[in-house]
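Each remark here refers to the structure printed beneath this line.
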Amino acid sequence: MIIRLRKLVLILALALGTLIVADSLPVNVSANSKPIIVGSKSFSESKTVSEIYALALEHAGYKVVRKPNISNSVVYRAVKTGQIDVYPEYTGTIVEAYLKKSASGKNASQMASLAQNGVKKDGLVTFNYAPGDNRQGIGMRSSVAKKYHIKTLSDLQKNASKIRFVSQGEFDKRADALPGMNKKYGKYNFKSHKDYDDSLKYKIMSQNKGDAAPVSTTDGQLATSKFTLLKDDKGLWAPYNLVPLVNKKAAKSHPKMEKTLNQVDAKLTTKQLTALNKKVDVDGQNYKTVAKNWYSEHVLNH
């Protein structure tokens with residue numbers, strides 16, 4: 001009886017000791033409980049897609065901190081140093097702006113591979129690139145394009161003497177811009193060629209002060225009937241597919257992040273991005289509302 005009592009006391013003492021030791025140990029916080037910091041650049045498309053990423057990650061069970069409106073000049077460094085964990089970038093921007101490599105003649109897959117391999121040295125990874133492609137383009141007033149049967153950059157070159165070109169200075173000098181067009185398609189002898197602030201290009205064309213301008217291929221205005229995107233029929237401009245750029249440590253500690261964002265990106269086509277931009281930039285809707293509605297319609301209900 002005494003022996004049994006001693007055993008019971010010993011067992012209780014050991015159990016109590018284990019509880020005390022366990023209580024004094026530091027708590028091992030689950031990696032998933034650390035919020036994912038989702039950043040964006042300062043233009044509408046980046047902010048809207050960033051919000052879609054944030055909603056998807058929250059739906060996957062992660063806590064999310066949003067950091068929108070980061071300057072183009074510092075956003076790459078921010079993800080590299082872990083100030084943010086992920087943000088929407090473009091394969092072409094990574095290759096040309098950050099890696100300082102030529103994108104000439106590369107298709108979407110080649111550009112994505114160059115980007116993916118190039119960022120490894122900075123402790124970064126890219127997930128699957130989206131079909132949505134926000135590359136350089138030329139847009140026109142639809143009425144003028146229809147009048148002169150202009151559908152391609154080749155057509156524009158042949159009819160340049162009838163077209164008033166709305167530019168913004170930098171486009172006239174950049175090797176891959178107007179000089180590249182002149183080299184690839186032949187000299188563009190426009191009827192007139194004036195420089196304005198880039199943000200005014202659609203306004204200038206709407207006011208019938210110009211007919212054609214350099215644009216991004218997912219500009220919201222191109223989803224309206226007023227403007228037409230010309231086809232780059234000789235493949236001058238490289239693809240700039242949307243892609244999540246991610247801090248490798250964050251990707252590793254949040255294992256569902258890659259699958260979650262890949263599912264979203266697969267649905268972000270050029271047409272979808274253009275429609276999202278139209279809602280924000282043309283219709284004046286809040287980008288968070290636009291992102292939430294799109295996510296509900298295209299991801300949650302599918």
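Following the order of the structure tokens, chains are lettered A, B, ..., residues in each are numbered from 1, and ligands are numbered from 1.
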Please report as JSON lines every residue of stretch 81-166 of chain A lying within 9 Å of stretch 273-289 of chain A, along with the nearest atom pair and their distance in Å (one decimal), using only C-alpha atoms.
{"residue": "A:Gly132", "atom": "CA", "partner": "A:Leu273", "partner_atom": "CA", "distance": 6.6}
{"residue": "A:Asp133", "atom": "CA", "partner": "A:Leu273", "partner_atom": "CA", "distance": 8.5}
{"residue": "A:Asn134", "atom": "CA", "partner": "A:Leu273", "partner_atom": "CA", "distance": 8.5}
Nearby residues (only C-alpha atoms) at most 8 Å from stretch 113-120 of chain A, same-chain spacing under 3 positions excluded, as a ChimeraX atom specification: /A:91-92,94-95,99,109-110,123-126
Would you please work out which residue, of A:Ser44, A:Asn247, A:Thr269, A:Ser142, is nearest to A:Tyr87 when using only C-alpha atoms? A:Asn247
Please provide the set of residues having any atom within 9 Å of A:Gln83, restricted to only C-alpha atoms, with same-chain residues fewer than 5 positions apart removed, written as a list in words. Ile37, Arg77 and Ala78 of chain A
Would you write out those residues with N, CA and C atoms, as a compact mmCIF listing (two decimals), in the first residue's frame?
# COMPACT_ATOMS: atom_id res chain seq x y z
N ILE A 37 2.29 39.72 -46.04
CA ILE A 37 2.23 41.14 -46.40
C ILE A 37 2.15 41.25 -47.92
N ARG A 77 12.98 46.05 -54.16
CA ARG A 77 13.82 45.97 -52.95
C ARG A 77 12.97 45.60 -51.72
N ALA A 78 11.73 46.07 -51.71
CA ALA A 78 10.84 45.78 -50.58
C ALA A 78 10.54 44.29 -50.45
Can you tell me which residues surround A:Phe43 at a distance of at most 10 Å, considering only C-alpha atoms, apart from same-chain residues fewer than 6 positions away, and format the answer as a tab-separated table (two decimals) with all heavy atoms, in the first residue's frame?
chain	number	residue	atom	x	y	z
A	68	PRO	N	-0.45	48.81	-50.12
A	68	PRO	CA	-0.57	49.29	-51.51
A	68	PRO	C	0.29	50.53	-51.78
A	68	PRO	O	0.89	51.09	-50.86
A	68	PRO	CB	-2.06	49.61	-51.62
A	68	PRO	CG	-2.45	50.01	-50.22
A	68	PRO	CD	-1.58	49.21	-49.28
A	69	ASN	N	0.30	50.91	-53.05
A	69	ASN	CA	0.91	52.19	-53.48
A	69	ASN	C	2.41	52.31	-53.20
A	69	ASN	O	2.89	53.35	-52.76
A	69	ASN	CB	0.18	53.37	-52.82
A	69	ASN	CG	-1.24	53.51	-53.32
A	69	ASN	OD1	-1.48	53.51	-54.51
A	69	ASN	ND2	-2.18	53.60	-52.40
A	70	ILE	N	3.15	51.25	-53.45
A	70	ILE	CA	4.61	51.31	-53.28
A	70	ILE	C	5.23	51.82	-54.59
A	70	ILE	O	4.85	51.40	-55.67
A	70	ILE	CB	5.19	49.93	-52.91
A	70	ILE	CG1	4.54	49.41	-51.62
A	70	ILE	CG2	6.71	49.99	-52.74
A	70	ILE	CD1	4.88	47.97	-51.29
A	71	SER	N	6.18	52.71	-54.46
A	71	SER	CA	6.83	53.30	-55.64
A	71	SER	C	7.53	52.23	-56.48
A	71	SER	O	8.12	51.29	-55.95
A	71	SER	CB	7.85	54.34	-55.18
A	71	SER	OG	8.72	54.67	-56.22
A	72	ASN	N	7.46	52.40	-57.80
A	72	ASN	CA	8.13	51.48	-58.74
A	72	ASN	C	9.62	51.32	-58.42
A	72	ASN	O	10.20	50.25	-58.60
A	72	ASN	CB	8.01	52.00	-60.17
A	72	ASN	CG	6.62	51.79	-60.73
A	72	ASN	OD1	5.72	51.31	-60.04
A	72	ASN	ND2	6.44	52.14	-61.98
A	277	ASN	N	-9.68	47.16	-65.14
A	277	ASN	CA	-9.15	48.53	-65.24
A	277	ASN	C	-10.23	49.51	-65.70
A	277	ASN	O	-10.27	50.66	-65.25
A	277	ASN	CB	-7.96	48.57	-66.20
A	277	ASN	CG	-6.75	47.85	-65.64
A	277	ASN	OD1	-6.59	47.75	-64.43
A	277	ASN	ND2	-5.89	47.35	-66.51
A	281	ASP	N	-10.77	52.82	-63.74
A	281	ASP	CA	-10.26	54.04	-64.37
A	281	ASP	C	-11.28	54.78	-65.23
A	281	ASP	O	-11.17	55.99	-65.42
A	281	ASP	CB	-9.04	53.71	-65.24
A	281	ASP	CG	-7.86	53.24	-64.40
A	281	ASP	OD1	-7.74	53.67	-63.24
A	281	ASP	OD2	-7.05	52.43	-64.90
Would you give me, as a PyMOL selection string, the residues in stretch 120-288 of chain A that DSSP reads as strand (DSSP E)? chain A and resi 124-126+136-141+164-167+192-195+212-216+227-229+242-247
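For A:Ser33, the set of protein, DNA and RNA residues having any atom at most 10 Å away, when counting only C-alpha atoms and skipping those fewer than 4 positions along the same chain, is Val29, Gly61, Tyr62, Lys63, Val64, Ser253 and His254 of chain A.
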Can you tell me, as a short mmCIF file (atom, residue, chain, number, x, y, z; two decimals) with N, CA, C and O atoms, in the first residue's frame, what residues are no more than 9 Å from A:Asp211 when counting only C-alpha atoms, ignoring any on the same chain fewer than 6 positions away?
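Okay, this is what ended up in selection38.cif:
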data_model
loop_
_atom_site.label_atom_id
_atom_site.label_comp_id
_atom_site.auth_asym_id
_atom_site.auth_seq_id
_atom_site.Cartn_x
_atom_site.Cartn_y
_atom_site.Cartn_z
N GLY A 139 -2.71 52.54 -79.27
CA GLY A 139 -4.17 52.62 -79.32
C GLY A 139 -4.60 53.76 -80.23
O GLY A 139 -3.86 54.74 -80.41
N MET A 140 -5.79 53.62 -80.78
CA MET A 140 -6.31 54.65 -81.69
C MET A 140 -7.77 54.96 -81.38
O MET A 140 -8.48 54.12 -80.81
N ARG A 141 -8.19 56.14 -81.78
CA ARG A 141 -9.62 56.42 -81.77
C ARG A 141 -10.27 55.46 -82.76
O ARG A 141 -9.84 55.36 -83.92
N SER A 142 -11.29 54.76 -82.33
CA SER A 142 -11.92 53.73 -83.17
C SER A 142 -12.47 54.30 -84.47
O SER A 142 -12.38 53.67 -85.52
N VAL A 144 -11.36 56.75 -86.25
CA VAL A 144 -10.28 57.01 -87.21
C VAL A 144 -9.71 55.69 -87.75
O VAL A 144 -9.43 55.56 -88.95
N ALA A 145 -9.56 54.73 -86.84
CA ALA A 145 -9.06 53.41 -87.26
C ALA A 145 -10.00 52.79 -88.30
O ALA A 145 -9.54 52.21 -89.30
N ILE A 163 -2.45 60.61 -89.75
CA ILE A 163 -2.67 60.38 -88.31
C ILE A 163 -1.90 61.37 -87.44
O ILE A 163 -0.70 61.61 -87.64
N ARG A 164 -2.60 61.96 -86.47
CA ARG A 164 -1.96 62.84 -85.48
C ARG A 164 -1.54 62.00 -84.28
O ARG A 164 -2.39 61.41 -83.61
N PHE A 165 -0.24 61.96 -84.04
CA PHE A 165 0.29 61.08 -82.99
C PHE A 165 0.43 61.83 -81.67
O PHE A 165 1.01 62.93 -81.62
N VAL A 166 -0.10 61.23 -80.61
CA VAL A 166 -0.05 61.81 -79.26
C VAL A 166 1.00 61.03 -78.47
O VAL A 166 0.81 59.87 -78.14
N ILE A 204 -6.90 63.69 -74.61
CA ILE A 204 -6.53 64.40 -75.84
C ILE A 204 -7.21 63.78 -77.05
O ILE A 204 -7.76 64.49 -77.90
N MET A 205 -7.19 62.44 -77.11
CA MET A 205 -7.84 61.76 -78.25
C MET A 205 -9.35 61.93 -78.20
O MET A 205 -9.99 62.12 -79.24
#
Between A:Asp195, A:Lys271, A:Tyr185, A:Lys173, smallest distance to A:Gln221 by only C-alpha atoms belongs to A:Lys271
Please provide the set of residues having any atom within 12 Å of A:Lys267, restricted to only C-alpha atoms, with same-chain residues fewer than 3 positions apart removed, written as a PyMOL selection string. chain A and resi 49+52+128-132+242+260-264+270-273+294-295+297-299+302
Given the selection you just returned, output its residues as a file containing N, CA, C and O atoms, formatted as an mmCIF file, in the first residue's frame.
data_model
loop_
_atom_site.group_PDB
_atom_site.id
_atom_site.type_symbol
_atom_site.label_atom_id
_atom_site.label_comp_id
_atom_site.auth_asym_id
_atom_site.auth_seq_id
_atom_site.Cartn_x
_atom_site.Cartn_y
_atom_site.Cartn_z
ATOM 1 N N VAL A 49 -5.284 43.883 -58.571
ATOM 2 C CA VAL A 49 -4.805 42.493 -58.536
ATOM 3 C C VAL A 49 -4.249 42.151 -57.159
ATOM 4 O O VAL A 49 -4.458 41.053 -56.632
ATOM 5 N N ILE A 52 -7.065 41.309 -55.001
ATOM 6 C CA ILE A 52 -7.559 39.957 -55.337
ATOM 7 C C ILE A 52 -6.665 38.901 -54.686
ATOM 8 O O ILE A 52 -7.150 37.919 -54.111
ATOM 9 N N ASN A 128 3.240 30.783 -61.132
ATOM 10 C CA ASN A 128 2.812 30.707 -62.531
ATOM 11 C C ASN A 128 2.422 32.093 -63.051
ATOM 12 O O ASN A 128 1.792 32.871 -62.330
ATOM 13 N N TYR A 129 2.803 32.379 -64.280
ATOM 14 C CA TYR A 129 2.415 33.672 -64.850
ATOM 15 C C TYR A 129 0.984 33.582 -65.382
ATOM 16 O O TYR A 129 0.517 32.520 -65.797
ATOM 17 N N ALA A 130 0.297 34.703 -65.336
ATOM 18 C CA ALA A 130 -1.091 34.772 -65.814
ATOM 19 C C ALA A 130 -1.113 34.908 -67.333
ATOM 20 O O ALA A 130 -0.151 35.389 -67.937
ATOM 21 N N PRO A 131 -2.223 34.526 -67.973
ATOM 22 C CA PRO A 131 -2.341 34.784 -69.418
ATOM 23 C C PRO A 131 -2.450 36.279 -69.714
ATOM 24 O O PRO A 131 -2.164 36.726 -70.819
ATOM 25 N N GLY A 132 -2.846 37.067 -68.702
ATOM 26 C CA GLY A 132 -2.968 38.517 -68.872
ATOM 27 C C GLY A 132 -1.624 39.166 -69.164
ATOM 28 O O GLY A 132 -0.658 38.956 -68.446
ATOM 29 N N LEU A 242 1.473 39.127 -66.286
ATOM 30 C CA LEU A 242 1.331 39.308 -64.844
ATOM 31 C C LEU A 242 1.871 38.079 -64.115
ATOM 32 O O LEU A 242 1.619 36.944 -64.535
ATOM 33 N N THR A 260 -2.764 28.795 -54.174
ATOM 34 C CA THR A 260 -3.839 29.791 -54.073
ATOM 35 C C THR A 260 -3.708 30.872 -55.142
ATOM 36 O O THR A 260 -4.669 31.198 -55.843
ATOM 37 N N LEU A 261 -2.504 31.425 -55.285
ATOM 38 C CA LEU A 261 -2.312 32.514 -56.250
ATOM 39 C C LEU A 261 -2.283 31.991 -57.693
ATOM 40 O O LEU A 261 -2.706 32.698 -58.615
ATOM 41 N N ASN A 262 -1.815 30.767 -57.881
ATOM 42 C CA ASN A 262 -1.842 30.182 -59.227
ATOM 43 C C ASN A 262 -3.276 30.012 -59.723
ATOM 44 O O ASN A 262 -3.566 30.228 -60.906
ATOM 45 N N GLN A 263 -4.179 29.634 -58.820
ATOM 46 C CA GLN A 263 -5.586 29.472 -59.202
ATOM 47 C C GLN A 263 -6.194 30.806 -59.629
ATOM 48 O O GLN A 263 -6.989 30.866 -60.562
ATOM 49 N N VAL A 264 -5.796 31.868 -58.947
ATOM 50 C CA VAL A 264 -6.287 33.210 -59.284
ATOM 51 C C VAL A 264 -5.698 33.669 -60.615
ATOM 52 O O VAL A 264 -6.417 34.108 -61.524
ATOM 53 N N THR A 270 -5.891 38.846 -70.386
ATOM 54 C CA THR A 270 -5.768 40.247 -70.822
ATOM 55 C C THR A 270 -7.140 40.913 -70.849
ATOM 56 O O THR A 270 -7.302 42.059 -70.416
ATOM 57 N N LYS A 271 -8.136 40.185 -71.324
ATOM 58 C CA LYS A 271 -9.505 40.714 -71.379
ATOM 59 C C LYS A 271 -10.033 41.015 -69.976
ATOM 60 O O LYS A 271 -10.678 42.050 -69.753
ATOM 61 N N GLN A 272 -9.767 40.123 -69.026
ATOM 62 C CA GLN A 272 -10.224 40.325 -67.654
ATOM 63 C C GLN A 272 -9.530 41.530 -67.014
ATOM 64 O O GLN A 272 -10.167 42.339 -66.335
ATOM 65 N N LEU A 273 -8.215 41.638 -67.211
ATOM 66 C CA LEU A 273 -7.469 42.774 -66.649
ATOM 67 C C LEU A 273 -7.985 44.094 -67.227
ATOM 68 O O LEU A 273 -8.153 45.076 -66.499
ATOM 69 N N TRP A 294 -15.031 40.766 -58.455
ATOM 70 C CA TRP A 294 -14.404 39.843 -59.412
ATOM 71 C C TRP A 294 -14.055 38.520 -58.734
ATOM 72 O O TRP A 294 -14.308 37.442 -59.291
ATOM 73 N N TYR A 295 -13.484 38.595 -57.542
ATOM 74 C CA TYR A 295 -13.099 37.381 -56.815
ATOM 75 C C TYR A 295 -14.319 36.516 -56.502
ATOM 76 O O TYR A 295 -14.295 35.290 -56.680
ATOM 77 N N GLU A 297 -17.159 36.422 -58.153
ATOM 78 C CA GLU A 297 -17.731 35.876 -59.392
ATOM 79 C C GLU A 297 -16.865 34.811 -60.054
ATOM 80 O O GLU A 297 -17.362 33.782 -60.509
ATOM 81 N N HIS A 298 -15.549 35.055 -60.095
ATOM 82 C CA HIS A 298 -14.674 34.193 -60.886
ATOM 83 C C HIS A 298 -13.929 33.118 -60.109
ATOM 84 O O HIS A 298 -13.416 32.170 -60.710
ATOM 85 N N VAL A 299 -13.847 33.270 -58.793
ATOM 86 C CA VAL A 299 -13.111 32.283 -57.998
ATOM 87 C C VAL A 299 -14.026 31.562 -57.003
ATOM 88 O O VAL A 299 -14.133 30.342 -57.032
ATOM 89 N N HIS A 302 -16.885 29.360 -58.579
ATOM 90 C CA HIS A 302 -16.482 28.429 -59.653
ATOM 91 C C HIS A 302 -15.827 27.200 -59.064
ATOM 92 O O HIS A 302 -15.308 27.208 -57.982
#
